[in-house]
file target.txt (compact mmCIF, N, CA and C atoms)
# COMPACT_ATOMS: atom_id res chain seq x y z
N MET A 1 0.82 -1.19 0.00
CA MET A 1 0.00 0.00 0.00
C MET A 1 0.87 1.25 0.00
N ALA A 2 2.05 1.16 0.62
CA ALA A 2 2.94 2.32 0.64
C ALA A 2 3.43 2.64 -0.77
N ARG A 3 3.79 1.61 -1.53
CA ARG A 3 4.25 1.84 -2.90
C ARG A 3 3.11 2.37 -3.76
N LEU A 4 1.94 1.84 -3.56
CA LEU A 4 0.78 2.26 -4.34
C LEU A 4 0.48 3.73 -4.10
N ASN A 5 0.42 4.14 -2.86
CA ASN A 5 0.10 5.54 -2.56
C ASN A 5 1.24 6.48 -2.96
N THR A 6 2.48 6.01 -2.89
CA THR A 6 3.60 6.83 -3.32
C THR A 6 3.52 7.10 -4.82
N ILE A 7 3.28 6.07 -5.59
CA ILE A 7 3.16 6.23 -7.04
C ILE A 7 1.94 7.09 -7.38
N ARG A 8 0.85 6.86 -6.69
CA ARG A 8 -0.37 7.61 -6.97
C ARG A 8 -0.18 9.11 -6.70
N LEU A 9 0.51 9.45 -5.64
CA LEU A 9 0.78 10.86 -5.34
C LEU A 9 1.84 11.46 -6.28
N TRP A 10 2.70 10.65 -6.80
CA TRP A 10 3.79 11.11 -7.64
C TRP A 10 3.39 11.25 -9.10
N LEU A 11 2.30 10.59 -9.52
CA LEU A 11 1.90 10.58 -10.91
C LEU A 11 1.69 11.96 -11.53
N PRO A 12 1.00 12.91 -10.88
CA PRO A 12 0.84 14.21 -11.53
C PRO A 12 2.16 14.89 -11.86
N GLN A 13 3.12 14.83 -10.95
CA GLN A 13 4.44 15.40 -11.22
C GLN A 13 5.14 14.65 -12.34
N LEU A 14 5.02 13.35 -12.34
CA LEU A 14 5.64 12.55 -13.38
C LEU A 14 5.06 12.88 -14.75
N PHE A 15 3.74 12.96 -14.83
CA PHE A 15 3.11 13.30 -16.11
C PHE A 15 3.49 14.70 -16.57
N ALA A 16 3.54 15.65 -15.66
CA ALA A 16 3.92 17.02 -16.02
C ALA A 16 5.36 17.07 -16.53
N THR A 17 6.25 16.34 -15.90
CA THR A 17 7.65 16.30 -16.33
C THR A 17 7.77 15.64 -17.69
N MET A 18 7.02 14.57 -17.91
CA MET A 18 7.09 13.89 -19.20
C MET A 18 6.55 14.77 -20.33
N VAL A 19 5.47 15.50 -20.07
CA VAL A 19 4.91 16.39 -21.09
C VAL A 19 5.92 17.50 -21.41
N GLU A 20 6.53 18.06 -20.37
CA GLU A 20 7.54 19.11 -20.59
C GLU A 20 8.73 18.57 -21.36
N TYR A 21 9.16 17.37 -21.03
CA TYR A 21 10.30 16.73 -21.70
C TYR A 21 9.98 16.51 -23.18
N GLU A 22 8.76 16.04 -23.46
CA GLU A 22 8.37 15.80 -24.84
C GLU A 22 8.15 17.10 -25.61
N GLN A 23 7.64 18.15 -24.94
CA GLN A 23 7.42 19.43 -25.61
C GLN A 23 8.73 20.11 -25.99
N LYS A 24 9.75 19.92 -25.20
CA LYS A 24 11.06 20.51 -25.52
C LYS A 24 11.80 19.71 -26.57
N LYS A 25 11.17 18.64 -27.03
CA LYS A 25 11.71 17.81 -28.10
C LYS A 25 13.13 17.32 -27.78
N LEU A 26 13.26 16.81 -26.57
CA LEU A 26 14.56 16.28 -26.16
C LEU A 26 14.73 14.83 -26.60
N GLY A 27 13.81 14.35 -27.40
CA GLY A 27 13.89 12.99 -27.90
C GLY A 27 13.10 12.03 -27.04
N ILE A 28 13.15 10.79 -27.46
CA ILE A 28 12.48 9.75 -26.69
C ILE A 28 13.38 9.41 -25.52
N GLY A 29 12.85 9.56 -24.34
CA GLY A 29 13.66 9.34 -23.16
C GLY A 29 13.14 8.22 -22.30
N SER A 30 14.04 7.55 -21.68
CA SER A 30 13.65 6.52 -20.73
C SER A 30 13.20 7.21 -19.44
N MET A 31 12.68 6.45 -18.54
CA MET A 31 12.23 7.00 -17.27
C MET A 31 13.42 7.63 -16.53
N CYS A 32 14.59 7.01 -16.63
CA CYS A 32 15.77 7.57 -15.96
C CYS A 32 16.16 8.92 -16.57
N ALA A 33 16.09 9.03 -17.89
CA ALA A 33 16.44 10.29 -18.55
C ALA A 33 15.47 11.40 -18.15
N ILE A 34 14.20 11.06 -18.05
CA ILE A 34 13.19 12.05 -17.69
C ILE A 34 13.36 12.48 -16.24
N LEU A 35 13.62 11.53 -15.36
CA LEU A 35 13.84 11.86 -13.95
C LEU A 35 15.13 12.65 -13.78
N ASN A 36 16.15 12.33 -14.55
CA ASN A 36 17.39 13.09 -14.51
C ASN A 36 17.16 14.52 -14.99
N TYR A 37 16.34 14.70 -16.03
CA TYR A 37 15.98 16.03 -16.52
C TYR A 37 15.29 16.82 -15.42
N SER A 38 14.37 16.19 -14.71
CA SER A 38 13.66 16.86 -13.62
C SER A 38 14.60 17.26 -12.50
N LEU A 39 15.53 16.38 -12.17
CA LEU A 39 16.51 16.66 -11.12
C LEU A 39 17.43 17.81 -11.51
N GLU A 40 17.92 17.78 -12.74
CA GLU A 40 18.81 18.86 -13.20
C GLU A 40 18.08 20.19 -13.25
N LYS A 41 16.81 20.17 -13.64
CA LYS A 41 16.02 21.39 -13.67
C LYS A 41 15.85 21.95 -12.26
N THR A 42 15.61 21.07 -11.30
CA THR A 42 15.47 21.50 -9.91
C THR A 42 16.77 22.09 -9.38
N LYS A 43 17.89 21.47 -9.69
CA LYS A 43 19.19 22.00 -9.26
C LYS A 43 19.46 23.37 -9.88
N LEU A 44 19.09 23.53 -11.15
CA LEU A 44 19.29 24.81 -11.83
C LEU A 44 18.44 25.91 -11.20
N ILE A 45 17.21 25.59 -10.86
CA ILE A 45 16.33 26.57 -10.23
C ILE A 45 16.86 26.96 -8.86
N GLN A 46 17.40 26.02 -8.11
CA GLN A 46 17.93 26.33 -6.79
C GLN A 46 19.17 27.21 -6.85
N LYS A 47 19.95 27.12 -7.92
CA LYS A 47 21.16 27.93 -8.07
C LYS A 47 20.83 29.36 -8.46
N GLU A 48 19.73 29.54 -9.19
CA GLU A 48 19.35 30.87 -9.63
C GLU A 48 18.90 31.71 -8.45
N LYS A 49 18.84 33.00 -8.67
CA LYS A 49 18.38 33.91 -7.63
C LYS A 49 16.89 33.69 -7.41
N PRO A 50 16.48 33.43 -6.18
CA PRO A 50 15.05 33.17 -5.95
C PRO A 50 14.22 34.41 -6.23
N THR A 51 13.09 34.17 -6.83
CA THR A 51 12.15 35.25 -7.12
C THR A 51 10.82 34.93 -6.48
N ASP A 52 9.97 35.94 -6.45
CA ASP A 52 8.64 35.72 -5.89
C ASP A 52 7.71 35.04 -6.88
N GLU A 53 8.10 35.04 -8.15
CA GLU A 53 7.27 34.41 -9.17
C GLU A 53 7.55 32.92 -9.23
N CYS A 54 6.51 32.19 -9.50
CA CYS A 54 6.63 30.75 -9.64
C CYS A 54 6.25 30.39 -11.07
N ASP A 55 7.14 29.78 -11.78
CA ASP A 55 6.91 29.44 -13.17
C ASP A 55 6.47 27.99 -13.27
N VAL A 56 5.17 27.78 -13.20
CA VAL A 56 4.60 26.43 -13.24
C VAL A 56 3.76 26.31 -14.50
N HIS A 57 4.03 25.28 -15.25
CA HIS A 57 3.27 25.02 -16.47
C HIS A 57 2.44 23.77 -16.26
N ILE A 58 1.18 23.96 -15.98
CA ILE A 58 0.27 22.84 -15.79
C ILE A 58 -0.65 22.79 -17.00
N THR A 59 -0.66 21.66 -17.64
CA THR A 59 -1.51 21.50 -18.81
C THR A 59 -2.74 20.67 -18.44
N ALA A 60 -3.70 20.68 -19.32
CA ALA A 60 -4.91 19.89 -19.10
C ALA A 60 -4.60 18.40 -19.14
N ASP A 61 -3.51 18.02 -19.81
CA ASP A 61 -3.13 16.61 -19.87
C ASP A 61 -2.84 16.02 -18.50
N SER A 62 -2.32 16.84 -17.60
CA SER A 62 -2.03 16.35 -16.25
C SER A 62 -3.31 15.90 -15.56
N TYR A 63 -4.35 16.70 -15.69
CA TYR A 63 -5.62 16.34 -15.08
C TYR A 63 -6.28 15.18 -15.82
N THR A 64 -6.20 15.21 -17.13
CA THR A 64 -6.81 14.14 -17.94
C THR A 64 -6.16 12.80 -17.62
N ASN A 65 -4.85 12.77 -17.51
CA ASN A 65 -4.16 11.51 -17.21
C ASN A 65 -4.58 10.96 -15.86
N ASN A 66 -4.71 11.81 -14.86
CA ASN A 66 -5.14 11.34 -13.54
C ASN A 66 -6.59 10.87 -13.55
N ILE A 67 -7.43 11.51 -14.34
CA ILE A 67 -8.82 11.05 -14.47
C ILE A 67 -8.86 9.69 -15.16
N ILE A 68 -8.00 9.49 -16.15
CA ILE A 68 -7.94 8.19 -16.83
C ILE A 68 -7.49 7.10 -15.87
N VAL A 69 -6.51 7.40 -15.04
CA VAL A 69 -6.04 6.41 -14.05
C VAL A 69 -7.16 6.08 -13.07
N ALA A 70 -7.90 7.08 -12.60
CA ALA A 70 -9.01 6.84 -11.68
C ALA A 70 -10.12 6.06 -12.36
N GLY A 71 -10.39 6.37 -13.62
CA GLY A 71 -11.42 5.64 -14.36
C GLY A 71 -11.05 4.19 -14.58
N SER A 72 -9.78 3.93 -14.83
CA SER A 72 -9.35 2.53 -15.00
C SER A 72 -9.47 1.76 -13.68
N SER A 73 -9.22 2.42 -12.58
CA SER A 73 -9.39 1.77 -11.28
C SER A 73 -10.86 1.44 -11.04
N PHE A 74 -11.74 2.35 -11.41
CA PHE A 74 -13.17 2.10 -11.27
C PHE A 74 -13.59 0.90 -12.11
N CYS A 75 -13.12 0.84 -13.35
CA CYS A 75 -13.45 -0.30 -14.22
C CYS A 75 -12.87 -1.60 -13.66
N GLY A 76 -11.65 -1.51 -13.11
CA GLY A 76 -11.04 -2.70 -12.52
C GLY A 76 -11.82 -3.22 -11.33
N TYR A 77 -12.30 -2.31 -10.47
CA TYR A 77 -13.13 -2.73 -9.34
C TYR A 77 -14.42 -3.37 -9.83
N PHE A 78 -15.00 -2.82 -10.88
CA PHE A 78 -16.24 -3.36 -11.43
C PHE A 78 -16.03 -4.79 -11.94
N ILE A 79 -14.95 -5.00 -12.65
CA ILE A 79 -14.64 -6.34 -13.17
C ILE A 79 -14.30 -7.29 -12.02
N ALA A 80 -13.55 -6.82 -11.04
CA ALA A 80 -13.16 -7.67 -9.91
C ALA A 80 -14.37 -8.11 -9.09
N THR A 81 -15.39 -7.27 -9.03
CA THR A 81 -16.59 -7.61 -8.27
C THR A 81 -17.21 -8.90 -8.78
N PHE A 82 -17.29 -9.05 -10.08
CA PHE A 82 -17.89 -10.25 -10.65
C PHE A 82 -16.91 -11.41 -10.73
N THR A 83 -15.65 -11.13 -10.84
CA THR A 83 -14.63 -12.17 -10.95
C THR A 83 -14.41 -12.88 -9.62
N ILE A 84 -14.48 -12.15 -8.53
CA ILE A 84 -14.22 -12.75 -7.22
C ILE A 84 -15.23 -13.84 -6.90
N ASN A 85 -16.48 -13.64 -7.24
CA ASN A 85 -17.50 -14.64 -6.96
C ASN A 85 -17.28 -15.92 -7.75
N ARG A 86 -16.73 -15.83 -8.93
CA ARG A 86 -16.54 -17.01 -9.77
C ARG A 86 -15.21 -17.71 -9.51
N VAL A 87 -14.15 -16.94 -9.33
CA VAL A 87 -12.81 -17.50 -9.23
C VAL A 87 -12.35 -17.66 -7.78
N GLY A 88 -12.79 -16.78 -6.93
CA GLY A 88 -12.36 -16.80 -5.54
C GLY A 88 -11.41 -15.65 -5.24
N SER A 89 -11.51 -15.15 -4.04
CA SER A 89 -10.73 -13.96 -3.69
C SER A 89 -9.22 -14.24 -3.63
N ASN A 90 -8.83 -15.42 -3.20
CA ASN A 90 -7.39 -15.72 -3.11
C ASN A 90 -6.74 -15.77 -4.49
N ASN A 91 -7.44 -16.33 -5.47
CA ASN A 91 -6.89 -16.38 -6.83
C ASN A 91 -6.80 -14.99 -7.46
N VAL A 92 -7.84 -14.19 -7.25
CA VAL A 92 -7.81 -12.83 -7.77
C VAL A 92 -6.70 -12.03 -7.09
N LEU A 93 -6.51 -12.26 -5.81
CA LEU A 93 -5.43 -11.58 -5.08
C LEU A 93 -4.07 -11.94 -5.66
N ARG A 94 -3.85 -13.22 -5.91
CA ARG A 94 -2.57 -13.65 -6.48
C ARG A 94 -2.33 -13.01 -7.86
N VAL A 95 -3.35 -13.02 -8.69
CA VAL A 95 -3.21 -12.48 -10.04
C VAL A 95 -2.97 -10.97 -10.01
N THR A 96 -3.73 -10.25 -9.20
CA THR A 96 -3.56 -8.79 -9.16
C THR A 96 -2.21 -8.40 -8.56
N LEU A 97 -1.74 -9.14 -7.57
CA LEU A 97 -0.41 -8.85 -7.03
C LEU A 97 0.68 -9.11 -8.07
N ALA A 98 0.53 -10.18 -8.84
CA ALA A 98 1.51 -10.48 -9.90
C ALA A 98 1.47 -9.41 -10.98
N ILE A 99 0.29 -9.00 -11.38
CA ILE A 99 0.17 -7.95 -12.39
C ILE A 99 0.75 -6.64 -11.88
N GLY A 100 0.48 -6.30 -10.63
CA GLY A 100 1.04 -5.10 -10.04
C GLY A 100 2.56 -5.14 -9.97
N PHE A 101 3.11 -6.29 -9.62
CA PHE A 101 4.56 -6.45 -9.54
C PHE A 101 5.20 -6.25 -10.91
N VAL A 102 4.66 -6.92 -11.92
CA VAL A 102 5.22 -6.83 -13.26
C VAL A 102 5.08 -5.42 -13.83
N SER A 103 3.92 -4.80 -13.64
CA SER A 103 3.73 -3.46 -14.18
C SER A 103 4.57 -2.42 -13.43
N GLY A 104 4.80 -2.63 -12.15
CA GLY A 104 5.68 -1.73 -11.40
C GLY A 104 7.11 -1.77 -11.90
N ILE A 105 7.58 -2.95 -12.22
CA ILE A 105 8.92 -3.08 -12.78
C ILE A 105 8.96 -2.52 -14.20
N THR A 106 7.89 -2.70 -14.95
CA THR A 106 7.84 -2.23 -16.33
C THR A 106 7.86 -0.71 -16.42
N LEU A 107 7.43 -0.01 -15.38
CA LEU A 107 7.49 1.45 -15.38
C LEU A 107 8.90 1.97 -15.64
N TYR A 108 9.87 1.21 -15.23
CA TYR A 108 11.27 1.61 -15.41
C TYR A 108 11.62 1.78 -16.89
N TRP A 109 11.02 0.95 -17.75
CA TRP A 109 11.35 0.97 -19.17
C TRP A 109 10.36 1.77 -20.02
N SER A 110 9.45 2.49 -19.42
CA SER A 110 8.52 3.28 -20.23
C SER A 110 9.25 4.49 -20.81
N TYR A 111 8.95 4.81 -22.04
CA TYR A 111 9.68 5.87 -22.73
C TYR A 111 8.78 6.95 -23.31
N SER A 112 7.48 6.90 -23.06
CA SER A 112 6.60 7.96 -23.51
C SER A 112 5.49 8.17 -22.48
N SER A 113 4.82 9.30 -22.59
CA SER A 113 3.77 9.59 -21.62
C SER A 113 2.58 8.64 -21.79
N VAL A 114 2.29 8.23 -23.01
CA VAL A 114 1.18 7.30 -23.23
C VAL A 114 1.50 5.94 -22.63
N MET A 115 2.72 5.48 -22.86
CA MET A 115 3.13 4.19 -22.29
C MET A 115 3.13 4.24 -20.77
N THR A 116 3.61 5.34 -20.20
CA THR A 116 3.59 5.50 -18.75
C THR A 116 2.16 5.54 -18.23
N LEU A 117 1.28 6.19 -18.95
CA LEU A 117 -0.12 6.25 -18.55
C LEU A 117 -0.74 4.86 -18.51
N VAL A 118 -0.51 4.07 -19.53
CA VAL A 118 -1.08 2.71 -19.59
C VAL A 118 -0.52 1.85 -18.47
N ILE A 119 0.78 1.89 -18.28
CA ILE A 119 1.41 1.07 -17.24
C ILE A 119 0.96 1.53 -15.86
N ALA A 120 0.85 2.85 -15.65
CA ALA A 120 0.38 3.36 -14.36
C ALA A 120 -1.06 2.96 -14.10
N CYS A 121 -1.89 2.95 -15.14
CA CYS A 121 -3.28 2.50 -14.97
C CYS A 121 -3.33 1.05 -14.51
N VAL A 122 -2.54 0.21 -15.16
CA VAL A 122 -2.52 -1.21 -14.80
C VAL A 122 -1.97 -1.39 -13.39
N PHE A 123 -0.88 -0.71 -13.07
CA PHE A 123 -0.24 -0.83 -11.76
C PHE A 123 -1.19 -0.39 -10.64
N ILE A 124 -1.76 0.79 -10.78
CA ILE A 124 -2.61 1.32 -9.71
C ILE A 124 -3.90 0.52 -9.59
N THR A 125 -4.48 0.14 -10.72
CA THR A 125 -5.70 -0.66 -10.67
C THR A 125 -5.46 -2.01 -10.00
N ALA A 126 -4.40 -2.68 -10.40
CA ALA A 126 -4.11 -4.01 -9.83
C ALA A 126 -3.84 -3.91 -8.34
N LEU A 127 -3.06 -2.93 -7.91
CA LEU A 127 -2.73 -2.85 -6.49
C LEU A 127 -3.88 -2.31 -5.65
N CYS A 128 -4.72 -1.46 -6.21
CA CYS A 128 -5.92 -1.03 -5.48
C CYS A 128 -6.84 -2.21 -5.22
N ILE A 129 -7.04 -3.01 -6.26
CA ILE A 129 -7.90 -4.19 -6.11
C ILE A 129 -7.29 -5.17 -5.12
N SER A 130 -5.99 -5.41 -5.22
CA SER A 130 -5.36 -6.39 -4.32
C SER A 130 -5.39 -5.90 -2.87
N SER A 131 -5.22 -4.60 -2.64
CA SER A 131 -5.26 -4.12 -1.26
C SER A 131 -6.67 -4.22 -0.68
N THR A 132 -7.67 -3.97 -1.50
CA THR A 132 -9.05 -4.11 -1.03
C THR A 132 -9.40 -5.57 -0.75
N ILE A 133 -8.95 -6.46 -1.63
CA ILE A 133 -9.19 -7.89 -1.42
C ILE A 133 -8.47 -8.37 -0.16
N LEU A 134 -7.25 -7.89 0.05
CA LEU A 134 -6.49 -8.29 1.24
C LEU A 134 -7.20 -7.88 2.52
N ILE A 135 -7.78 -6.70 2.53
CA ILE A 135 -8.54 -6.26 3.70
C ILE A 135 -9.77 -7.15 3.89
N GLY A 136 -10.46 -7.47 2.79
CA GLY A 136 -11.63 -8.34 2.87
C GLY A 136 -11.28 -9.75 3.33
N VAL A 137 -10.18 -10.28 2.85
CA VAL A 137 -9.74 -11.63 3.24
C VAL A 137 -9.37 -11.65 4.72
N SER A 138 -8.70 -10.61 5.20
CA SER A 138 -8.32 -10.59 6.61
C SER A 138 -9.54 -10.48 7.52
N VAL A 139 -10.58 -9.78 7.07
CA VAL A 139 -11.80 -9.70 7.86
C VAL A 139 -12.47 -11.07 7.92
N ASN A 140 -12.46 -11.81 6.81
CA ASN A 140 -13.05 -13.15 6.80
C ASN A 140 -12.21 -14.16 7.55
N LEU A 141 -10.91 -13.94 7.61
CA LEU A 141 -10.00 -14.89 8.24
C LEU A 141 -10.13 -14.90 9.76
N PHE A 142 -10.26 -13.72 10.35
CA PHE A 142 -10.33 -13.62 11.81
C PHE A 142 -11.80 -13.60 12.26
N PRO A 143 -12.14 -14.44 13.23
CA PRO A 143 -13.51 -14.46 13.74
C PRO A 143 -13.86 -13.15 14.47
N THR A 144 -15.13 -12.93 14.61
CA THR A 144 -15.62 -11.69 15.23
C THR A 144 -15.10 -11.54 16.67
N SER A 145 -14.96 -12.63 17.39
CA SER A 145 -14.49 -12.54 18.77
C SER A 145 -13.04 -12.03 18.85
N MET A 146 -12.23 -12.30 17.84
CA MET A 146 -10.84 -11.83 17.85
C MET A 146 -10.73 -10.39 17.38
N ARG A 147 -11.69 -9.91 16.59
CA ARG A 147 -11.65 -8.53 16.10
C ARG A 147 -11.92 -7.61 17.24
call {"tool": "encode", "arguments": {"input": "target.txt", "output": "C-alpha cells"}}
result
Amino acid sequence: MARLNTIRLWLPQLFATMVEYEQKKLGIGSMCAILNYSLEKTKLIQKEKPTDECDVHITADSYTNNIIVAGSSFCGYFIATFTINRVGSNNVLRVTLAIGFVSGITLYWSYSSVMTLVIACVFITALCISSTILIGVSVNLFPTSMR
C-alpha cells in the first residue's frame, strides 16, 4: 500500500515532467532520462536567484491523465466484483499482485507519456484491487471474537 500511494501521489508530477520533456523535443527518453531532466532542472532553479514568481506550467493533460487512471481503477473494481465470486478472492489476489509487480517493474522501461499512462493505470488498478481484497480476506479470516 505504501508503494501504491507513493506512485499515486507522484503521478501528476511525473506526467507534467514527461509532457515538458516531450514538448522541448529532447527525444524519446527513458524513465531515468526524464527523472534526470527533472533533477537537473530543480538544481538549476535552486542555483538561480530566488524570485517571488513561480513558473509552473500545468496542462490539461495532467488532469486528464489522472482522471484516466481513476477511471481505470473504477473499471477494474467493477470487473473484480464479478470475478471474485466465480474464481475466488485468493486467486484474484494472487493475479492482481503479480500484475502489479510486473507493471511496477515495467514502469522503469517506459519511454513515452502514453506508455507510462497505460502502465500506471494497470499498476494502480491491480494494487488497489489487491489491497481491497487483502482487507476483505483478513476480515473473513479472523472471527468476530478476535476482532
call {"tool": "residues_around", "arguments": {"input": "target.txt", "residues": "Val118 (chain A)", "least_positions_apart": "4", "cutoff": "12 Å", "atoms": "only C-alpha atoms", "output": "NGL selection string"}}
result
:A and (15 or 65-66 or 68-73 or 103-104 or 106-107 or 110-114 or 122-125)
call {"tool": "write_last_selection", "arguments": {"input": "target.txt", "atoms": "N, CA and C atoms", "output": "short mmCIF file (atom, residue, chain, number, x, y, z; two decimals), keeping the file's coordinate frame"}}
result
data_model
loop_
_atom_site.label_atom_id
_atom_site.label_comp_id
_atom_site.auth_asym_id
_atom_site.auth_seq_id
_atom_site.Cartn_x
_atom_site.Cartn_y
_atom_site.Cartn_z
N PHE A 15 3.74 12.96 -14.83
CA PHE A 15 3.11 13.30 -16.11
C PHE A 15 3.49 14.70 -16.57
N ASN A 65 -4.85 12.77 -17.51
CA ASN A 65 -4.16 11.51 -17.21
C ASN A 65 -4.58 10.96 -15.86
N ASN A 66 -4.71 11.81 -14.86
CA ASN A 66 -5.14 11.34 -13.54
C ASN A 66 -6.59 10.87 -13.55
N ILE A 68 -8.00 9.49 -16.15
CA ILE A 68 -7.94 8.19 -16.83
C ILE A 68 -7.49 7.10 -15.87
N VAL A 69 -6.51 7.40 -15.04
CA VAL A 69 -6.04 6.41 -14.05
C VAL A 69 -7.16 6.08 -13.07
N ALA A 70 -7.90 7.08 -12.60
CA ALA A 70 -9.01 6.84 -11.68
C ALA A 70 -10.12 6.06 -12.36
N GLY A 71 -10.39 6.37 -13.62
CA GLY A 71 -11.42 5.64 -14.36
C GLY A 71 -11.05 4.19 -14.58
N SER A 72 -9.78 3.93 -14.83
CA SER A 72 -9.35 2.53 -15.00
C SER A 72 -9.47 1.76 -13.68
N SER A 73 -9.22 2.42 -12.58
CA SER A 73 -9.39 1.77 -11.28
C SER A 73 -10.86 1.44 -11.04
N SER A 103 3.92 -4.80 -13.64
CA SER A 103 3.73 -3.46 -14.18
C SER A 103 4.57 -2.42 -13.43
N GLY A 104 4.80 -2.63 -12.15
CA GLY A 104 5.68 -1.73 -11.40
C GLY A 104 7.11 -1.77 -11.90
N THR A 106 7.89 -2.70 -14.95
CA THR A 106 7.84 -2.23 -16.33
C THR A 106 7.86 -0.71 -16.42
N LEU A 107 7.43 -0.01 -15.38
CA LEU A 107 7.49 1.45 -15.38
C LEU A 107 8.90 1.97 -15.64
N SER A 110 9.45 2.49 -19.42
CA SER A 110 8.52 3.28 -20.23
C SER A 110 9.25 4.49 -20.81
N TYR A 111 8.95 4.81 -22.04
CA TYR A 111 9.68 5.87 -22.73
C TYR A 111 8.78 6.95 -23.31
N SER A 112 7.48 6.90 -23.06
CA SER A 112 6.60 7.96 -23.51
C SER A 112 5.49 8.17 -22.48
N SER A 113 4.82 9.30 -22.59
CA SER A 113 3.77 9.59 -21.62
C SER A 113 2.58 8.64 -21.79
N VAL A 114 2.29 8.23 -23.01
CA VAL A 114 1.18 7.30 -23.23
C VAL A 114 1.50 5.94 -22.63
N VAL A 122 -2.54 0.21 -15.16
CA VAL A 122 -2.52 -1.21 -14.80
C VAL A 122 -1.97 -1.39 -13.39
N PHE A 123 -0.88 -0.71 -13.07
CA PHE A 123 -0.24 -0.83 -11.76
C PHE A 123 -1.19 -0.39 -10.64
N ILE A 124 -1.76 0.79 -10.78
CA ILE A 124 -2.61 1.32 -9.71
C ILE A 124 -3.90 0.52 -9.59
N THR A 125 -4.48 0.14 -10.72
CA THR A 125 -5.70 -0.66 -10.67
C THR A 125 -5.46 -2.01 -10.00
#
call {"tool": "closest_residue", "arguments": {"input": "target.txt", "among": "A:Cys128, A:Ala120, A:Ile105, A:Ala33", "to": "Leu11 (chain A)", "atoms": "only C-alpha atoms"}}
result
A:Ala120
call {"tool": "residues_around", "arguments": {"input": "target.txt", "residues": "Gln13 (chain A)", "least_positions_apart": "4", "cutoff": "12 Å", "atoms": "only C-alpha atoms", "output": "CSV table (one decimal) with N, CA and C atoms, keeping the file's coordinate frame"}}
result
chain,number,residue,atom,x,y,z
A,6,THR,N,2.5,6.0,-2.9
A,6,THR,CA,3.6,6.8,-3.3
A,6,THR,C,3.5,7.1,-4.8
A,7,ILE,N,3.3,6.1,-5.6
A,7,ILE,CA,3.2,6.2,-7.0
A,7,ILE,C,1.9,7.1,-7.4
A,8,ARG,N,0.8,6.9,-6.7
A,8,ARG,CA,-0.4,7.6,-7.0
A,8,ARG,C,-0.2,9.1,-6.7
A,9,LEU,N,0.5,9.4,-5.6
A,9,LEU,CA,0.8,10.9,-5.3
A,9,LEU,C,1.8,11.5,-6.3
A,17,THR,N,6.2,16.3,-15.9
A,17,THR,CA,7.6,16.3,-16.3
A,17,THR,C,7.8,15.6,-17.7
A,18,MET,N,7.0,14.6,-17.9
A,18,MET,CA,7.1,13.9,-19.2
A,18,MET,C,6.6,14.8,-20.3
A,19,VAL,N,5.5,15.5,-20.1
A,19,VAL,CA,4.9,16.4,-21.1
A,19,VAL,C,5.9,17.5,-21.4
A,20,GLU,N,6.5,18.1,-20.4
A,20,GLU,CA,7.5,19.1,-20.6
A,20,GLU,C,8.7,18.6,-21.4
A,34,ILE,N,14.2,11.1,-18.0
A,34,ILE,CA,13.2,12.0,-17.7
A,34,ILE,C,13.4,12.5,-16.2
A,35,LEU,N,13.6,11.5,-15.4
A,35,LEU,CA,13.8,11.9,-14.0
A,35,LEU,C,15.1,12.6,-13.8
A,38,SER,N,14.4,16.2,-14.7
A,38,SER,CA,13.7,16.9,-13.6
A,38,SER,C,14.6,17.3,-12.5
A,56,VAL,N,5.2,27.8,-13.2
A,56,VAL,CA,4.6,26.4,-13.2
A,56,VAL,C,3.8,26.3,-14.5
A,57,HIS,N,4.0,25.3,-15.2
A,57,HIS,CA,3.3,25.0,-16.5
A,57,HIS,C,2.4,23.8,-16.3
A,58,ILE,N,1.2,24.0,-16.0
A,58,ILE,CA,0.3,22.8,-15.8
A,58,ILE,C,-0.6,22.8,-17.0
A,59,THR,N,-0.7,21.7,-17.6
A,59,THR,CA,-1.5,21.5,-18.8
A,59,THR,C,-2.7,20.7,-18.4
A,61,ASP,N,-3.5,18.0,-19.8
A,61,ASP,CA,-3.1,16.6,-19.9
A,61,ASP,C,-2.8,16.0,-18.5
A,62,SER,N,-2.3,16.8,-17.6
A,62,SER,CA,-2.0,16.4,-16.2
A,62,SER,C,-3.3,15.9,-15.6
A,63,TYR,N,-4.4,16.7,-15.7
A,63,TYR,CA,-5.6,16.3,-15.1
A,63,TYR,C,-6.3,15.2,-15.8
A,65,ASN,N,-4.8,12.8,-17.5
A,65,ASN,CA,-4.2,11.5,-17.2
A,65,ASN,C,-4.6,11.0,-15.9
A,66,ASN,N,-4.7,11.8,-14.9
A,66,ASN,CA,-5.1,11.3,-13.5
A,66,ASN,C,-6.6,10.9,-13.6
A,113,SER,N,4.8,9.3,-22.6
A,113,SER,CA,3.8,9.6,-21.6
A,113,SER,C,2.6,8.6,-21.8
call {"tool": "closest_residue", "arguments": {"input": "target.txt", "among": "A:Asn36, A:Ser89, A:Cys121, A:Leu14", "to": "Val137 (chain A)", "atoms": "only N, CA and C atoms"}}
result
A:Ser89
call {"tool": "atom_distance", "arguments": {"input": "target.txt", "atom1": "CA of Ser138 (chain A)", "atom2": "CA of Leu93 (chain A)"}}
result
12.1 Å
call {"tool": "select_by_dssp", "arguments": {"input": "target.txt", "residues": "chain A", "states": "alpha helix (DSSP H)", "output": "VMD selection string"}}
result
chain A and resid 2 to 23 31 to 47 60 to 87 89 to 106 113 to 141
call {"tool": "atom_distance", "arguments": {"input": "target.txt", "atom1": "CA of Ser130 (chain A)", "atom2": "CA of Thr96 (chain A)"}}
result
5.7 Å
call {"tool": "atom_distance", "arguments": {"input": "target.txt", "atom1": "CA of Ser131 (chain A)", "atom2": "atom N of Val87 (chain A)"}}
result
17.6 Å
call {"tool": "closest_residue", "arguments": {"input": "target.txt", "among": "A:Thr132, A:Thr64, A:Gln23, A:Asn5", "to": "Thr81 (chain A)", "atoms": "only C-alpha atoms"}}
result
A:Thr132
